[in-house]
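Structure file entry14.cif; described as mmCIF, C-alpha atoms.
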data_data
loop_
_atom_site.label_atom_id
_atom_site.label_comp_id
_atom_site.auth_asym_id
_atom_site.auth_seq_id
_atom_site.Cartn_x
_atom_site.Cartn_y
_atom_site.Cartn_z
CA MET A 1 -39.95 69.10 29.81
CA ARG A 2 -36.32 67.96 29.94
CA ILE A 3 -35.89 65.87 26.79
CA LEU A 4 -32.93 63.76 25.69
CA ILE A 5 -32.80 62.83 21.99
CA VAL A 6 -30.54 59.91 21.08
CA SER A 7 -29.30 58.96 17.61
CA GLU A 8 -26.19 57.22 16.32
CA ASP A 9 -26.83 58.89 12.93
CA ILE A 10 -25.71 62.23 14.40
CA PRO A 11 -23.29 63.85 13.76
CA TYR A 12 -21.87 63.27 10.27
CA PRO A 13 -20.74 65.75 7.61
CA SER A 14 -23.47 64.36 5.33
CA MET A 15 -26.62 63.29 7.14
CA GLY A 16 -29.65 61.36 5.92
CA GLY A 17 -33.34 61.86 6.52
CA LEU A 18 -33.39 60.22 9.96
CA ALA A 19 -30.73 62.57 11.35
CA LYS A 20 -32.41 65.63 9.85
CA HIS A 21 -35.73 64.48 11.32
CA ALA A 22 -34.23 64.24 14.82
CA LEU A 23 -32.50 67.63 14.59
CA ASN A 24 -35.63 69.31 13.21
CA LEU A 25 -37.56 67.86 16.14
CA ALA A 26 -34.94 69.09 18.62
CA ARG A 27 -35.20 72.64 17.27
CA ALA A 28 -39.02 72.53 17.33
CA LEU A 29 -39.03 71.33 20.94
CA VAL A 30 -36.63 74.11 21.95
CA ARG A 31 -38.87 76.67 20.22
CA ALA A 32 -41.76 75.29 22.26
CA GLY A 33 -39.85 76.03 25.48
CA HIS A 34 -38.45 72.60 26.33
CA GLN A 35 -34.88 71.80 27.38
CA VAL A 36 -33.36 69.47 24.78
CA ASP A 37 -29.99 67.72 24.77
CA LEU A 38 -28.70 65.13 22.33
CA VAL A 39 -26.60 61.97 22.63
CA GLY A 40 -24.94 61.01 19.35
CA ASN A 41 -21.99 59.01 18.10
CA ASN A 42 -18.41 59.64 19.21
CA GLU A 43 -16.93 59.67 15.70
CA HIS A 44 -17.24 63.42 15.06
CA PRO A 45 -17.83 66.68 16.91
CA ILE A 46 -21.25 68.19 16.36
CA GLU A 47 -19.61 71.03 14.40
CA VAL A 48 -19.16 68.75 11.36
CA CYS A 49 -22.90 69.22 10.70
CA GLY A 50 -22.53 72.97 10.20
CA ASP A 51 -25.74 74.93 10.70
CA GLU A 52 -27.79 71.72 10.72
CA GLY A 53 -26.10 70.69 13.97
CA ARG A 54 -27.24 73.79 15.88
CA PHE A 55 -30.34 72.86 17.84
CA GLY A 56 -30.14 74.89 21.06
CA GLY A 57 -28.90 72.27 23.52
CA ARG A 58 -25.90 70.27 24.64
CA PHE A 59 -24.37 67.45 22.61
CA PHE A 60 -22.82 64.31 24.12
CA GLY A 61 -20.81 62.15 21.72
CA GLU A 62 -20.88 58.73 23.37
CA LEU A 63 -22.50 56.09 21.14
CA HIS A 64 -20.06 53.62 19.64
CA GLY A 65 -19.74 50.08 18.35
CA HIS A 66 -22.77 50.18 16.07
CA ASN A 67 -20.66 50.12 12.89
CA ALA A 68 -18.67 47.03 13.87
CA GLY A 69 -19.15 44.28 11.31
CA TRP A 70 -18.29 41.34 13.59
CA LYS A 71 -17.00 39.64 10.40
CA GLU A 72 -20.57 38.66 9.49
CA SER A 73 -20.00 39.23 5.78
CA ARG A 74 -16.84 37.15 5.80
CA LEU A 75 -18.53 34.35 7.74
CA GLY A 76 -21.66 34.55 5.60
CA MET A 77 -24.04 34.56 8.54
CA TYR A 78 -25.69 36.82 11.07
CA LEU A 79 -24.30 36.29 14.57
CA PRO A 80 -26.88 36.00 17.39
CA PRO A 81 -24.97 38.01 20.04
CA LYS A 82 -24.10 41.01 17.85
CA ARG A 83 -27.29 43.06 18.02
CA THR A 84 -27.86 42.17 21.67
CA VAL A 85 -24.38 43.44 22.61
CA ILE A 86 -24.89 46.71 20.72
CA ALA A 87 -28.34 47.20 22.27
CA LYS A 88 -27.02 46.63 25.78
CA ARG A 89 -24.19 49.10 25.17
CA PHE A 90 -26.62 51.78 23.99
CA ALA A 91 -28.96 51.06 26.89
CA ALA A 92 -26.12 51.49 29.40
CA ILE A 93 -25.21 54.88 27.89
CA ILE A 94 -28.84 56.01 28.01
CA LEU A 95 -29.20 54.89 31.62
CA ARG A 96 -26.29 57.13 32.66
CA HIS A 97 -28.24 60.14 31.36
CA ALA A 98 -31.88 59.14 31.93
CA PRO A 99 -32.18 60.35 35.58
CA ASN A 100 -31.56 63.91 34.38
CA TYR A 101 -34.47 63.94 31.91
CA ASP A 102 -38.23 63.54 31.84
CA VAL A 103 -38.12 61.50 28.63
CA VAL A 104 -35.58 59.86 26.32
CA HIS A 105 -36.48 59.79 22.61
CA TYR A 106 -34.43 57.46 20.41
CA HIS A 107 -34.08 57.70 16.62
CA GLY A 108 -31.85 54.98 15.24
CA HIS A 109 -31.25 51.46 14.04
CA VAL A 110 -31.08 49.44 17.27
CA PRO A 111 -34.77 48.91 18.10
CA ASN A 112 -34.08 46.06 20.52
CA LEU A 113 -32.36 48.43 22.96
CA ALA A 114 -35.82 49.10 24.47
CA ARG A 115 -35.70 45.53 25.79
CA PHE A 116 -32.74 46.42 28.01
CA LEU A 117 -34.17 49.59 29.56
CA PRO A 118 -36.19 49.31 32.78
CA ALA A 119 -39.91 49.93 32.49
CA GLY A 120 -39.51 52.89 34.86
CA VAL A 121 -37.55 54.88 32.26
CA ASN A 122 -39.80 57.09 30.15
CA PHE A 123 -38.41 55.91 26.82
CA VAL A 124 -39.87 56.52 23.36
CA GLN A 125 -38.38 55.42 20.07
CA THR A 126 -39.36 56.46 16.57
CA ARG A 127 -39.07 53.78 13.91
CA HIS A 128 -38.01 55.26 10.57
CA ASP A 129 -37.45 52.07 8.58
CA GLN A 130 -38.28 48.36 8.47
CA GLY A 131 -35.34 47.42 10.67
CA SER A 132 -37.67 46.32 13.46
CA ASP A 133 -37.77 42.87 11.84
CA CYS A 134 -35.38 43.11 8.85
CA PHE A 135 -31.60 43.18 9.25
CA GLN A 136 -31.31 45.02 5.92
CA HIS A 137 -33.76 47.69 7.20
CA THR A 138 -35.49 47.79 3.80
CA ARG A 139 -37.35 44.51 3.22
CA PHE A 140 -36.07 44.63 -0.35
CA ARG A 141 -34.02 41.95 -2.04
CA ASP A 142 -33.49 40.45 -5.49
CA GLY A 143 -34.95 43.58 -7.01
CA LYS A 144 -38.34 43.37 -5.33
CA VAL A 145 -40.16 43.96 -2.05
CA CYS A 146 -39.70 41.13 0.47
CA VAL A 147 -42.83 40.06 2.34
CA SER A 148 -41.50 36.84 3.86
CA VAL A 149 -41.73 36.39 7.64
CA ASP A 150 -39.68 33.16 7.70
CA PRO A 151 -36.41 33.82 9.61
CA GLU A 152 -34.68 31.08 7.61
CA GLU A 153 -35.05 33.10 4.43
CA CYS A 154 -33.12 35.99 5.98
CA ALA A 155 -29.97 33.87 5.77
CA SER A 156 -29.92 34.49 2.01
CA CYS A 157 -29.52 38.24 2.59
CA ILE A 158 -26.05 37.80 4.10
CA THR A 159 -24.85 35.13 1.66
CA ALA A 160 -26.45 34.05 -1.60
CA ARG A 161 -26.29 30.29 -0.96
CA PRO A 162 -26.10 29.66 2.80
CA ASN A 163 -24.93 26.24 3.89
CA ARG A 164 -26.64 24.36 6.71
CA LEU A 165 -24.54 25.98 9.46
CA GLN A 166 -24.89 29.49 8.07
CA ARG A 167 -28.64 29.10 7.71
CA ALA A 168 -29.03 27.75 11.26
CA VAL A 169 -26.94 30.49 12.88
CA SER A 170 -28.57 33.32 10.89
CA THR A 171 -32.04 31.96 11.69
CA THR A 172 -31.20 31.93 15.40
CA ALA A 173 -29.96 35.52 15.17
CA VAL A 174 -33.15 36.75 13.50
CA ILE A 175 -35.43 34.94 15.96
CA ARG A 176 -33.50 36.30 18.94
CA PHE A 177 -33.51 39.85 17.58
CA ARG A 178 -37.21 39.87 16.75
CA ARG A 179 -38.05 38.50 20.20
CA GLU A 180 -36.02 41.27 21.87
CA VAL A 181 -37.64 43.95 19.70
CA ALA A 182 -41.16 42.70 20.47
CA GLU A 183 -40.43 42.61 24.21
CA GLY A 184 -39.05 46.14 24.04
CA PHE A 185 -42.07 47.44 22.14
CA ARG A 186 -44.35 45.95 24.79
CA ARG A 187 -42.33 47.61 27.53
CA HIS A 188 -41.87 51.10 26.07
CA LYS A 189 -43.69 53.54 23.78
CA THR A 190 -43.04 53.32 20.04
CA VAL A 191 -43.77 55.79 17.26
CA PHE A 192 -43.87 54.86 13.57
CA VAL A 193 -43.40 57.45 10.81
CA SER A 194 -46.16 55.80 8.76
CA ASP A 195 -49.06 53.42 9.21
CA MET A 196 -47.36 51.19 6.65
CA LEU A 197 -44.50 50.49 9.04
CA ALA A 198 -46.88 49.51 11.82
CA ASN A 199 -48.96 47.33 9.50
CA ASN A 200 -45.94 45.59 8.00
CA LEU A 201 -44.58 44.84 11.45
CA GLU A 202 -47.67 42.80 12.25
CA ARG A 203 -46.67 40.27 9.60
CA SER A 204 -43.78 39.17 11.83
CA PHE A 205 -45.02 40.11 15.30
CA GLY A 206 -48.75 39.47 14.98
CA PRO A 207 -51.55 41.93 15.77
CA GLY A 208 -51.20 44.21 18.73
CA PRO A 209 -50.94 47.83 19.83
CA TRP A 210 -47.28 48.07 18.77
CA GLY A 211 -47.21 51.84 18.61
CA THR A 212 -48.58 55.14 17.34
CA THR A 213 -48.08 56.82 13.96
CA VAL A 214 -46.71 60.35 13.75
CA HIS A 215 -45.86 61.02 10.14
CA ASN A 216 -42.44 62.19 9.08
CA PHE A 217 -42.14 65.96 8.97
CA THR A 218 -39.86 68.68 7.67
CA ASP A 219 -38.94 72.32 8.20
CA ARG A 220 -41.76 73.95 6.27
CA THR A 221 -40.62 77.48 7.01
CA ALA A 222 -37.21 76.89 5.43
CA LEU A 223 -38.77 75.17 2.42
CA GLU A 224 -41.24 77.98 1.83
CA HIS A 225 -38.45 80.58 1.92
CA ILE A 226 -36.60 78.58 -0.73
CA ARG A 227 -39.81 78.29 -2.73
CA GLN A 228 -40.34 82.05 -2.63
CA ASP A 229 -36.74 82.72 -3.67
CA SER A 230 -37.05 80.39 -6.66
CA SER A 231 -40.29 82.06 -7.77
CA LEU A 232 -38.30 85.23 -8.43
CA LEU A 233 -36.20 83.48 -11.07
CA PRO A 234 -37.36 83.38 -14.69
CA ALA A 235 -38.88 80.04 -15.66
CA ALA A 236 -36.73 78.03 -18.04
CA PRO A 237 -38.42 76.53 -21.10
CA GLY A 238 -39.14 72.82 -21.15
CA LEU A 239 -39.90 70.19 -18.54
CA HIS A 240 -37.11 69.98 -15.95
CA VAL A 241 -37.28 66.93 -13.70
CA PHE A 242 -35.32 66.65 -10.46
CA ILE A 243 -34.38 63.47 -8.56
CA ALA A 244 -32.49 63.33 -5.25
CA ALA A 245 -31.60 59.76 -4.32
CA LYS A 246 -28.87 57.37 -3.38
CA LEU A 247 -27.86 55.51 -6.51
CA TYR A 248 -28.55 51.88 -5.72
CA PRO A 249 -31.32 49.48 -6.80
CA ALA A 250 -33.95 50.15 -4.09
CA LYS A 251 -34.20 53.82 -5.04
CA GLY A 252 -35.35 52.94 -8.55
CA VAL A 253 -33.37 55.59 -10.47
CA GLU A 254 -32.06 53.06 -12.97
CA GLN A 255 -35.49 51.54 -13.53
CA PHE A 256 -36.96 55.02 -14.05
CA LEU A 257 -34.30 56.04 -16.58
CA ARG A 258 -34.54 52.75 -18.49
CA THR A 259 -38.29 53.22 -18.76
CA LEU A 260 -37.99 56.88 -19.76
CA ALA A 261 -35.11 56.65 -22.24
CA PRO A 262 -36.98 55.09 -25.21
CA ARG A 263 -39.65 57.77 -25.17
CA MET A 264 -37.88 60.80 -23.74
CA PRO A 265 -39.17 63.93 -25.51
CA ALA A 266 -36.76 66.65 -26.58
CA HIS A 267 -38.23 69.22 -24.18
CA LEU A 268 -37.60 67.04 -21.08
CA SER A 269 -34.39 67.03 -19.03
CA VAL A 270 -33.47 65.18 -15.83
CA THR A 271 -31.07 66.25 -13.09
CA VAL A 272 -30.01 63.54 -10.61
CA ALA A 273 -28.42 64.58 -7.30
CA GLY A 274 -26.86 61.78 -5.29
CA ASP A 275 -24.11 59.23 -5.23
CA GLY A 276 -23.88 55.53 -4.54
CA PRO A 277 -22.52 52.23 -5.82
CA ASP A 278 -24.37 52.48 -9.16
CA GLU A 279 -23.28 56.03 -9.97
CA ALA A 280 -20.47 55.27 -12.45
CA ARG A 281 -22.53 52.74 -14.40
CA LEU A 282 -25.58 55.00 -14.57
CA ARG A 283 -23.44 57.89 -15.80
CA GLU A 284 -22.07 55.64 -18.53
CA ASP A 285 -25.49 54.32 -19.56
CA PHE A 286 -27.62 57.46 -19.33
CA GLY A 287 -25.48 60.58 -18.89
CA GLY A 288 -25.75 63.11 -21.68
CA SER A 289 -27.36 66.34 -22.78
CA GLN A 290 -30.75 65.42 -21.29
CA VAL A 291 -29.69 63.52 -18.15
CA ASP A 292 -27.21 65.20 -15.80
CA PHE A 293 -25.70 63.37 -12.83
CA ILE A 294 -24.34 66.01 -10.47
CA GLY A 295 -23.25 63.75 -7.59
CA TRP A 296 -23.77 64.44 -3.92
CA CYS A 297 -25.03 67.94 -3.08
CA SER A 298 -25.43 69.81 0.16
CA PRO A 299 -28.97 69.83 1.57
CA GLU A 300 -29.44 73.52 0.72
CA LYS A 301 -28.26 73.07 -2.88
CA THR A 302 -30.47 69.99 -3.27
CA LEU A 303 -33.56 71.90 -2.13
CA ARG A 304 -32.79 74.88 -4.37
CA LEU A 305 -32.40 72.61 -7.39
CA ALA A 306 -35.72 70.95 -6.54
CA ALA A 307 -37.37 74.37 -6.20
CA GLN A 308 -36.15 75.38 -9.67
CA ALA A 309 -37.43 72.19 -11.32
CA SER A 310 -40.78 71.69 -13.04
CA ALA A 311 -41.41 68.38 -11.26
CA VAL A 312 -39.85 66.09 -8.64
CA VAL A 313 -39.65 62.33 -9.19
CA VAL A 314 -39.16 59.90 -6.28
CA PRO A 315 -38.79 56.61 -8.20
CA SER A 316 -38.18 54.29 -5.23
CA VAL A 317 -39.16 50.69 -5.91
CA TRP A 318 -38.79 49.60 -2.29
CA GLU A 319 -41.47 50.53 0.23
CA GLU A 320 -40.42 54.01 1.34
CA PRO A 321 -41.64 54.40 4.94
CA CYS A 322 -42.35 58.14 4.71
CA ALA A 323 -39.96 59.77 2.27
CA THR A 324 -38.66 63.23 3.19
CA THR A 325 -38.05 63.88 -0.52
CA VAL A 326 -41.79 63.51 -1.17
CA LEU A 327 -42.64 66.01 1.55
CA GLU A 328 -40.01 68.43 0.27
CA GLY A 329 -41.36 68.21 -3.27
CA LEU A 330 -44.90 68.92 -2.09
CA PHE A 331 -43.99 71.84 0.16
CA LEU A 332 -41.82 73.35 -2.59
CA GLY A 333 -44.96 73.43 -4.70
CA LYS A 334 -43.86 70.81 -7.20
CA ALA A 335 -45.80 68.05 -8.89
CA THR A 336 -44.28 64.99 -7.24
CA PHE A 337 -44.30 61.65 -9.08
CA ALA A 338 -43.88 58.37 -7.17
CA LEU A 339 -44.97 54.75 -7.10
CA GLN A 340 -48.07 53.86 -5.11
CA ARG A 341 -46.36 51.73 -2.50
CA GLY A 342 -45.01 51.84 1.04
CA GLY A 343 -45.94 54.85 3.14
CA THR A 344 -45.93 57.26 0.18
CA PRO A 345 -49.72 57.19 -0.44
CA GLU A 346 -50.24 58.42 3.14
CA LEU A 347 -48.49 61.67 2.18
CA ALA A 348 -51.24 62.72 -0.24
CA ILE A 349 -52.83 64.65 2.64
CA TYR A 350 -49.88 67.09 2.53
CA GLY A 351 -50.50 68.12 -1.07
CA ALA A 352 -52.02 71.50 -1.86
CA SER A 353 -54.44 69.75 -4.23
CA PRO A 354 -55.37 66.13 -5.00
CA ASP A 355 -53.31 66.03 -8.20
CA GLN A 356 -50.01 67.29 -6.74
CA LEU A 357 -48.79 63.91 -5.47
CA ARG A 358 -49.09 61.76 -8.58
CA LEU A 359 -49.03 58.09 -7.58
CA HIS A 360 -48.72 55.22 -10.03
CA PRO A 361 -48.94 51.42 -9.86
CA THR A 362 -46.02 50.91 -12.27
CA MET A 363 -42.95 52.77 -13.49
CA GLN A 364 -44.40 52.65 -17.00
CA SER A 365 -47.53 54.56 -15.99
CA LEU A 366 -45.43 57.04 -13.97
CA VAL A 367 -43.30 57.82 -17.02
CA GLU A 368 -46.34 58.12 -19.27
CA ASP A 369 -47.88 60.66 -16.89
CA LEU A 370 -44.60 62.55 -16.60
CA VAL A 371 -44.01 63.03 -20.33
CA ARG A 372 -47.56 64.39 -20.67
CA PHE A 373 -47.22 66.75 -17.70
CA ASP A 374 -47.63 70.47 -18.41
CA PRO A 375 -44.64 72.24 -16.81
CA ARG A 376 -46.70 75.44 -16.47
CA THR A 377 -48.83 73.79 -13.76
CA ARG A 378 -48.62 75.60 -10.42
CA PHE A 379 -49.70 74.47 -6.94
CA GLY A 380 -50.64 76.41 -3.84
CA TYR A 381 -49.68 75.79 -0.22
CA ALA A 382 -50.84 73.02 2.09
CA PRO A 383 -52.78 74.18 5.19
CA PRO A 384 -50.51 76.05 7.65
CA GLY A 385 -48.53 73.84 10.02
CA LEU A 386 -49.43 70.57 8.33
CA GLY A 387 -46.37 68.35 7.93
CA GLY A 388 -44.16 70.76 9.85
CA ALA A 389 -41.91 70.01 12.81
CA ASP A 390 -43.76 72.27 15.26
CA MET A 391 -47.07 70.47 14.88
CA ALA A 392 -45.36 67.08 15.14
CA ALA A 393 -43.48 68.22 18.25
CA ARG A 394 -46.76 69.07 20.00
CA ARG A 395 -48.11 65.61 19.23
CA LEU A 396 -44.92 63.93 20.43
CA VAL A 397 -44.98 65.86 23.72
CA GLN A 398 -48.44 64.40 24.31
CA ILE A 399 -46.94 60.93 23.77
CA TYR A 400 -44.05 61.73 26.12
CA GLN A 401 -46.60 62.55 28.81
CA LEU A 402 -48.56 59.30 28.45
CA PRO A 403 -48.11 56.60 31.10
CA HIS A 404 -45.32 54.09 30.47
CA ARG A 405 -46.10 50.83 28.74
CA HIS A 406 -46.41 47.70 30.91
CA PRO A 407 -43.30 45.55 31.41
CA ALA A 408 -42.71 42.84 28.80
CA SER A 409 -43.91 39.43 29.78
#
How does this structure look as structure tokens?
Amino acid sequence: MRILIVSEDIPYPSMGGLAKHALNLARALVRAGHQVDLVGNNEHPIEVCGDEGRFGGRFFGELHGHNAGWKESRLGMYLPPKRTVIAKRFAAIILRHAPNYDVVHYHGHVPNLARFLPAGVNFVQTRHDQGSDCFQHTRFRDGKVCVSVDPEECASCITARPNRLQRAVSTTAVIRFRREVAEGFRRHKTVFVSDMLANNLERSFGPGPWGTTVHNFTDRTALEHIRQDSSLLPAAPGLHVFIAAKLYPAKGVEQFLRTLAPRMPAHLSVTVAGDGPDEARLREDFGGSQVDFIGWCSPEKTLRLAAQASAVVVPSVWEEPCATTVLEGLFLGKATFALQRGGTPELAIYGASPDQLRLHPTMQSLVEDLVRFDPRTRFGYAPPGLGGADMAARRLVQIYQLPHRHPAS
């Protein structure tokens, strides 16, 4: 097949899980014999990604305008035309390329663009976050998971105390956006990276066949090479815990460290890789001989540090859709500790044994399990192919070949 992958998250010198997912998929599709090209943003050449940007096809840097703020923060309200304008711009760019491909597969943060593509275009989008109905993409505010479906409440996410005008305009923007997304999902095929995302969407959109789940995946071959390399190193004494996360409230690093600190045993140490708005304060509060903040690391260094650890902790307190860090921990053979929320419980099937992914209802119980964990514990390998990009690519090709959805009513 001739396949066009589209993502505004590519290319950047430092890329997140969505971009890595799309590039891993591109490489897997090329290995399977398909022709794959990629449309990304026009801010950087693909070379800024280094080896990660090499996928075996052509790159077109054309997406733009998605980072414009439209002065929403200054005005304290979401503007109804903003997301429609961006979606139409992306749709126009896709339509220039679509006749040259059998399918267009979008990975990004503008889900309503499907509304502006004709039903005759074989278009698939993968939803990686909760941005199908939440402007913050996370459904997390005031330190807890947001389950509200009332568009009026969204006004408080752009300004703490919206006045009558701000509330009315923001409410209109959310209603318009959700309507466009729903119409687009009815018109074109949608893939979710977890069942949780599909189930949560029904709170706002109502029941319906909104899409198909194909779990997040990773490059298992690369991870297993790193795992084998690390096994040649002598094991360090003690319990070495590794965390890779952006340092802001939803990722739960602060809550984890505050829970751990009062009962942290002498044999336990924590390495935190990542940066973010809370980094300086967390360094001040927790940095020391047992907790090391090492800042942002390259993907390869991050994986090698995880492979050398005794355990991986993913302390997210928001509902992670399908965390790549959980998959990486499991495939590196590490006990992986996380909260039992979001799409994370679905990833238990990728563990080598039932006790490898250690899920907990509270941070307190997670920490209690962690401090008791025997660092000598070893895990085997998950069944071959499971959770890897090649298996996911075969499933996605089947979806590409399905008939198009019916036009939106």
Fewer than 5 positions away in the same chain doesn't count, so skip those; otherwise give me all residues within 9 Å of Val48 (chain A), counting only C-alpha atoms, as a ChimeraX atom specification. /A:11-14,53
Residue by residue, what does the PyMOL selection byres ((chain A and resi 369) around 12) grab here? Present the result as a CSV table (one decimal) with C-alpha atoms, in the coordinates of the input.
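The file below, part-v7.csv, is the result:
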chain,number,residue,atom,x,y,z
A,260,LEU,CA,-38.0,56.9,-19.8
A,311,ALA,CA,-41.4,68.4,-11.3
A,313,VAL,CA,-39.6,62.3,-9.2
A,335,ALA,CA,-45.8,68.0,-8.9
A,336,THR,CA,-44.3,65.0,-7.2
A,337,PHE,CA,-44.3,61.6,-9.1
A,338,ALA,CA,-43.9,58.4,-7.2
A,339,LEU,CA,-45.0,54.8,-7.1
A,355,ASP,CA,-53.3,66.0,-8.2
A,357,LEU,CA,-48.8,63.9,-5.5
A,358,ARG,CA,-49.1,61.8,-8.6
A,359,LEU,CA,-49.0,58.1,-7.6
A,360,HIS,CA,-48.7,55.2,-10.0
A,361,PRO,CA,-48.9,51.4,-9.9
A,362,THR,CA,-46.0,50.9,-12.3
A,363,MET,CA,-43.0,52.8,-13.5
A,364,GLN,CA,-44.4,52.6,-17.0
A,365,SER,CA,-47.5,54.6,-16.0
A,366,LEU,CA,-45.4,57.0,-14.0
A,367,VAL,CA,-43.3,57.8,-17.0
A,368,GLU,CA,-46.3,58.1,-19.3
A,370,LEU,CA,-44.6,62.6,-16.6
A,371,VAL,CA,-44.0,63.0,-20.3
A,372,ARG,CA,-47.6,64.4,-20.7
A,373,PHE,CA,-47.2,66.8,-17.7
A,374,ASP,CA,-47.6,70.5,-18.4
Residues picked by the PyMOL selection byres ((chain A and resi 174-177) around 10) here, as a tab-separated table (two decimals) with C-alpha atoms, keeping the file's coordinate frame?
chain	number	residue	atom	x	y	z
A	78	TYR	CA	-25.69	36.82	11.07
A	79	LEU	CA	-24.30	36.29	14.57
A	80	PRO	CA	-26.88	36.00	17.39
A	81	PRO	CA	-24.97	38.01	20.04
A	82	LYS	CA	-24.10	41.01	17.85
A	83	ARG	CA	-27.29	43.06	18.02
A	84	THR	CA	-27.86	42.17	21.67
A	110	VAL	CA	-31.08	49.44	17.27
A	111	PRO	CA	-34.77	48.91	18.10
A	112	ASN	CA	-34.08	46.06	20.52
A	132	SER	CA	-37.67	46.32	13.46
A	133	ASP	CA	-37.77	42.87	11.84
A	134	CYS	CA	-35.38	43.11	8.85
A	135	PHE	CA	-31.60	43.18	9.25
A	150	ASP	CA	-39.68	33.16	7.70
A	151	PRO	CA	-36.41	33.82	9.61
A	152	GLU	CA	-34.68	31.08	7.61
A	153	GLU	CA	-35.05	33.10	4.43
A	154	CYS	CA	-33.12	35.99	5.98
A	155	ALA	CA	-29.97	33.87	5.77
A	169	VAL	CA	-26.94	30.49	12.88
A	170	SER	CA	-28.57	33.32	10.89
A	171	THR	CA	-32.04	31.96	11.69
A	172	THR	CA	-31.20	31.93	15.40
A	173	ALA	CA	-29.96	35.52	15.17
A	178	ARG	CA	-37.21	39.87	16.75
A	179	ARG	CA	-38.05	38.50	20.20
A	180	GLU	CA	-36.02	41.27	21.87
A	181	VAL	CA	-37.64	43.95	19.70
A	182	ALA	CA	-41.16	42.70	20.47
A	183	GLU	CA	-40.43	42.61	24.21
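Across the chains present, the PyMOL selection byres ((chain A and resi 31) around 12) applied to this file returns Asn24, Leu25, Ala26, Arg27, Ala28, Leu29, Val30, Ala32, Gly33, His34, Gln35, Val36, Phe55, Gly56, Gly57, Ala389, Asp390, Met391, Ala393 and Arg394 of chain A.
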To one decimal place in Å, what is the distance between CA of Ala92 (chain A) and CA of Ala392 (chain A)?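 Those two atoms sit 28.6 Å apart.
If you measure from each of A:Ser289, A:Gln166, A:Gln125, A:Thr221 to Thr190 (chain A) using only C-alpha atoms, the closest one turns out to be A:Gln125.
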Show which residues sit within 6 Å of region 103-106 of chain A, as a ChimeraX atom specification. Count all atoms listed in the file, and ignore same-chain residues fewer than 6 positions away. /A:3-6,122-125
Counting all atoms listed in the file, the residue among A:Thr259, A:Ser310, A:Ser194, A:Asn42 that lies closest to Pro237 (chain A) is A:Ser310
Which residues, written as a ChimeraX atom specification, have at least one atom at most 8 Å from Gly40 (chain A), with all atoms listed in the file counted and residues fewer than 6 positions away on the same chain left out? /A:6-11,59-63
